[in-house]
Amino acid sequence: MTTQIIEAQQNIITPEMAKVAELEGINSNVLRQRVAQGKVVIFKNKLKNVLPTALGCGLSPKICACVNNNFEGFSVIEETDKIKISKIAGAKIALDVLASSEYGEMREKITSEFDMLYGVNQLAECVCETSEALELTTSKITESIERFCEQGADFITLYPTITQEIIKLYKTEVKKPNFISKPVSIFAEYIEKESAKNPYYEAFDEILDIARTYDVVLSLASVFSFNSLSEFPTRTSYAELLILSELVQRAREAGVQIMVEAGGFMQLAEIEKHIELIKKLTFNSPLALSGPKVAEDMPEIEFVNSAIGAAVATNAGCDMLFAHAFEDNSKKLNARQLRENVLSLKLACETCIPRADL
C-alpha cells in the first residue's frame, strides 16, 4: 500500500508527478521533493484513470467549483450544467457540497464527461439524511468516507476542530455565532448538546488508513476563523489551527496527503499575514480558501468582493479558491452565477506569481 507522498519520500518520481511537472512547467525532481515534504498534494484516486491535478508550493493556483449546494432539491441535469459551465470558465476541480453516496451518477459525470477531479463534503451525508435522532459514531463516519473513496473521490473534507471546548470558547468570544454551512451548524449543535467527542478527531487513525488505501487527499476544514470581519481574528481561530497542526503531522507520518481549508471574511490588511500564519502552523500544507470576502452585507457585488480578497490571498500563498453560486435559492441562476464567480476568481489567479518560498 503506497501513496504519492510515500513514493516521493523513497525518491520515486511517479507517472502522476511527471505529468504534473510537465503541466506546471516545473522540474520533476523539485516537484517530487515538495510532495515528499507535504508542500504539494496530487489529486488522483488510485481507482481512476484521469489526468492528475496538484496544489501547493510553486504551482499555479486552482479554482474548485462548488456544486450540489441547494438544500431545496437535487437535479443531475442542473448540477451537470453547473459543472460543464464552470469547467469551460476555468475550474479544474469540483466539490460536491451536499455529498451523498446516492449522487454517484453526478460525480461519475464529473470524471467521465468533463475529465475533472472532485472532492466531497462527506459531513452532509451523515447529518442531513436521517429522519431519526442524529447519532454520529466513528463507524458511521469511517464507513461513509470509505464509500466515497470507493466511488472515486479525490479529496474529502473533514471537520476535526469542532469540539466542546472550542465551541465554548467561540461562544464566549462571538456575539452572534454563525457557522459556515447548515451541515456544520447541525454537527456543532450535536457535539454541544450531546457532550460528544468529535468523531473525525477520535477516528483519525482509521480515516488515515482509508485515505492511504486509495491515495485520497484529506482536507482539514477550519470553520471558526472567518465568519465576520468584526470577529477576525479570535482565540478560537488560533485554537483550531493548533489542532490542524497536530493532524497534519500525523497524516504525513502515516504517508497520507493532506491540505487545509478555510475561508469567509477577512480584513484586507490581515489576509497576507494570516495566510502566512496558517502556512507556518500547518507546515506549509496546501491551502484552499472560500473567498476571502473583504466586505460584509454587499450581496450585489459578491463576486467582486471575493475576487479582491482572492487576488491578495493567492499572492500570499493560497493554492486553491472555491467558487460558489451565492444565491442558492434561485436555481435558474445558479449555473450563470457559478460561471461568474469562476471567471472573477480566474482573474484573481492570473495576477498571482506562484511562490516557491513557502
# chains A, B, ... in the order shown; residues from 1 in each chain; ligands from 1

$ closest_atom_pairs --of "range 51-91 of chain A" --to "range 203-226 of chain A" --cutoff "12 Å" --atoms "only C-alpha atoms" --output "tab-separated table"
residue	atom	partner	partner_atom	distance
A:Pro52	CA	A:Val216	CA	11.9
A:Thr53	CA	A:Val217	CA	11.5
A:Ala54	CA	A:Val217	CA	10.6
A:Leu55	CA	A:Val217	CA	10.8

$ closest_atom_pairs --of "range 124-215 of chain A" --to "range 28-49 of chain A" --cutoff "9 Å" --atoms "only C-alpha atoms" --output "CSV"
residue,atom,partner,partner_atom,distance
A:Cys149,CA,A:Asn45,CA,7.6
A:Glu150,CA,A:Leu47,CA,7.7
A:Gln151,CA,A:Leu47,CA,8.5
A:Gly152,CA,A:Asn45,CA,6.0
A:Ala153,CA,A:Asn45,CA,6.4
A:Asp154,CA,A:Asn45,CA,4.9
A:Phe155,CA,A:Phe43,CA,6.9
A:Thr213,CA,A:Lys46,CA,8.3
A:Tyr214,CA,A:Lys46,CA,5.3
A:Asp215,CA,A:Asn45,CA,5.7

$ select_by_dssp --residues "range 4-100 of chain A" --states "strand (DSSP E or B)" --output "PDB file with C-alpha atoms, in the first residue's frame"
ATOM      1  CA  VAL A  40       2.350  19.718  -2.674  1.00  0.00           C
ATOM      2  CA  VAL A  41      -0.576  17.299  -2.908  1.00  0.00           C
ATOM      3  CA  ILE A  42      -1.610  15.427  -6.030  1.00  0.00           C
ATOM      4  CA  PHE A  43      -5.302  14.732  -6.604  1.00  0.00           C
ATOM      5  CA  THR A  53      -4.090  17.871 -10.655  1.00  0.00           C
ATOM      6  CA  ALA A  54      -1.783  19.243  -7.981  1.00  0.00           C
ATOM      7  CA  LEU A  55      -1.839  22.053  -5.426  1.00  0.00           C
ATOM      8  CA  GLY A  56       0.904  23.646  -3.457  1.00  0.00           C
ATOM      9  CA  LYS A  62      -6.557  26.302  -8.987  1.00  0.00           C
ATOM     10  CA  ILE A  63     -10.295  27.001  -8.927  1.00  0.00           C
ATOM     11  CA  CYS A  64     -12.693  24.460  -7.430  1.00  0.00           C
ATOM     12  CA  ALA A  65     -16.357  24.778  -8.454  1.00  0.00           C
ATOM     13  CA  CYS A  66     -18.816  24.051  -5.635  1.00  0.00           C
ATOM     14  CA  VAL A  67     -21.862  22.164  -6.920  1.00  0.00           C
ATOM     15  CA  ILE A  93     -11.767  20.655  -9.807  1.00  0.00           C
ATOM     16  CA  ALA A  94     -15.309  20.252  -8.412  1.00  0.00           C
ATOM     17  CA  LEU A  95     -16.588  19.903  -4.846  1.00  0.00           C
ATOM     18  CA  ASP A  96     -19.836  18.086  -4.072  1.00  0.00           C
TER      19      ASP A  96
END

$ residues_around --residues "range 170-183 of chain A" --least-positions-apart "4" --cutoff "6 Å" --atoms "only C-alpha atoms" --output "list in words"
Ala124, Ile166 and Thr236 of chain A

$ residues_around --residues "range 304-320 of chain A" --least-positions-apart "2" --cutoff "6 Å" --atoms "only C-alpha atoms" --output "CSV table (one decimal) with C-alpha atoms, in the first residue's frame"
chain,number,residue,atom,x,y,z
A,55,LEU,CA,-1.8,22.1,-5.4
A,56,GLY,CA,0.9,23.6,-3.5
A,61,PRO,CA,-3.5,28.3,-8.0
A,62,LYS,CA,-6.6,26.3,-9.0
A,63,ILE,CA,-10.3,27.0,-8.9
A,272,GLU,CA,-1.4,38.1,3.9
A,286,PRO,CA,-1.5,23.4,0.5
A,287,LEU,CA,-4.3,25.8,1.4
A,288,ALA,CA,-7.8,26.2,-0.1
A,291,GLY,CA,-13.3,34.0,-0.7
A,292,PRO,CA,-11.9,35.6,1.4
A,293,LYS,CA,-14.5,38.4,1.2
A,294,VAL,CA,-13.3,41.7,2.4
A,301,ILE,CA,-21.1,42.6,-5.7
A,302,GLU,CA,-20.3,39.2,-4.1
A,344,SER,CA,-13.7,36.5,-11.3
A,345,LEU,CA,-11.5,34.1,-9.4
A,348,ALA,CA,-7.5,36.8,-9.4
A,352,CYS,CA,-0.6,35.5,-8.9

$ atom_distance --atom1 "CA of Leu289 in chain A" --atom2 "CA of Phe322 in chain A"
6.2 Å

$ decode --residues "range 239-258 of chain A" --atoms "N, CA and C atoms" --output "PDB file, in the first residue's frame"
ATOM      1  N   ALA A 239      -6.874  28.456  18.205  1.00  0.00           N
ATOM      2  CA  ALA A 239      -7.015  27.149  18.860  1.00  0.00           C
ATOM      3  C   ALA A 239      -7.241  26.048  17.841  1.00  0.00           C
ATOM      4  N   GLU A 240      -8.078  26.316  16.834  1.00  0.00           N
ATOM      5  CA  GLU A 240      -8.312  25.245  15.853  1.00  0.00           C
ATOM      6  C   GLU A 240      -7.107  25.052  14.936  1.00  0.00           C
ATOM      7  N   LEU A 241      -6.326  26.092  14.728  1.00  0.00           N
ATOM      8  CA  LEU A 241      -5.112  25.920  13.937  1.00  0.00           C
ATOM      9  C   LEU A 241      -4.126  24.970  14.619  1.00  0.00           C
ATOM     10  N   LEU A 242      -4.110  24.987  15.944  1.00  0.00           N
ATOM     11  CA  LEU A 242      -3.231  24.067  16.673  1.00  0.00           C
ATOM     12  C   LEU A 242      -3.669  22.613  16.483  1.00  0.00           C
ATOM     13  N   ILE A 243      -4.984  22.387  16.418  1.00  0.00           N
ATOM     14  CA  ILE A 243      -5.480  21.035  16.145  1.00  0.00           C
ATOM     15  C   ILE A 243      -5.084  20.613  14.732  1.00  0.00           C
ATOM     16  N   LEU A 244      -5.269  21.518  13.782  1.00  0.00           N
ATOM     17  CA  LEU A 244      -4.904  21.210  12.400  1.00  0.00           C
ATOM     18  C   LEU A 244      -3.412  20.914  12.282  1.00  0.00           C
ATOM     19  N   SER A 245      -2.606  21.651  13.021  1.00  0.00           N
ATOM     20  CA  SER A 245      -1.159  21.450  13.004  1.00  0.00           C
ATOM     21  C   SER A 245      -0.814  20.028  13.442  1.00  0.00           C
ATOM     22  N   GLU A 246      -1.456  19.586  14.521  1.00  0.00           N
ATOM     23  CA  GLU A 246      -1.214  18.223  15.016  1.00  0.00           C
ATOM     24  C   GLU A 246      -1.598  17.176  13.973  1.00  0.00           C
ATOM     25  N   LEU A 247      -2.768  17.358  13.353  1.00  0.00           N
ATOM     26  CA  LEU A 247      -3.273  16.351  12.416  1.00  0.00           C
ATOM     27  C   LEU A 247      -2.479  16.329  11.113  1.00  0.00           C
ATOM     28  N   VAL A 248      -1.977  17.464  10.689  1.00  0.00           N
ATOM     29  CA  VAL A 248      -1.109  17.499   9.505  1.00  0.00           C
ATOM     30  C   VAL A 248       0.123  16.630   9.748  1.00  0.00           C
ATOM     31  N   GLN A 249       0.729  16.790  10.902  1.00  0.00           N
ATOM     32  CA  GLN A 249       1.910  15.987  11.221  1.00  0.00           C
ATOM     33  C   GLN A 249       1.585  14.497  11.251  1.00  0.00           C
ATOM     34  N   ARG A 250       0.459  14.142  11.867  1.00  0.00           N
ATOM     35  CA  ARG A 250       0.075  12.732  11.949  1.00  0.00           C
ATOM     36  C   ARG A 250      -0.184  12.138  10.565  1.00  0.00           C
ATOM     37  N   ALA A 251      -0.806  12.923   9.694  1.00  0.00           N
ATOM     38  CA  ALA A 251      -1.092  12.427   8.346  1.00  0.00           C
ATOM     39  C   ALA A 251       0.190  12.195   7.564  1.00  0.00           C
ATOM     40  N   ARG A 252       1.104  13.135   7.632  1.00  0.00           N
ATOM     41  CA  ARG A 252       2.357  12.987   6.887  1.00  0.00           C
ATOM     42  C   ARG A 252       3.155  11.789   7.384  1.00  0.00           C
ATOM     43  N   GLU A 253       3.173  11.615   8.691  1.00  0.00           N
ATOM     44  CA  GLU A 253       3.888  10.467   9.251  1.00  0.00           C
ATOM     45  C   GLU A 253       3.255   9.144   8.815  1.00  0.00           C
ATOM     46  N   ALA A 254       1.943   9.177   8.524  1.00  0.00           N
ATOM     47  CA  ALA A 254       1.241   7.972   8.089  1.00  0.00           C
ATOM     48  C   ALA A 254       1.289   7.787   6.577  1.00  0.00           C
ATOM     49  N   GLY A 255       1.945   8.703   5.876  1.00  0.00           N
ATOM     50  CA  GLY A 255       2.048   8.592   4.425  1.00  0.00           C
ATOM     51  C   GLY A 255       0.782   8.976   3.693  1.00  0.00           C
ATOM     52  N   VAL A 256       0.017   9.932   4.254  1.00  0.00           N
ATOM     53  CA  VAL A 256      -1.233  10.386   3.652  1.00  0.00           C
ATOM     54  C   VAL A 256      -1.103  11.853   3.254  1.00  0.00           C
ATOM     55  N   GLN A 257      -1.552  12.162   2.053  1.00  0.00           N
ATOM     56  CA  GLN A 257      -1.522  13.548   1.575  1.00  0.00           C
ATOM     57  C   GLN A 257      -2.594  14.364   2.288  1.00  0.00           C
ATOM     58  N   ILE A 258      -2.256  15.609   2.645  1.00  0.00           N
ATOM     59  CA  ILE A 258      -3.191  16.409   3.443  1.00  0.00           C
ATOM     60  C   ILE A 258      -3.093  17.875   3.073  1.00  0.00           C
TER      61      ILE A 258
END
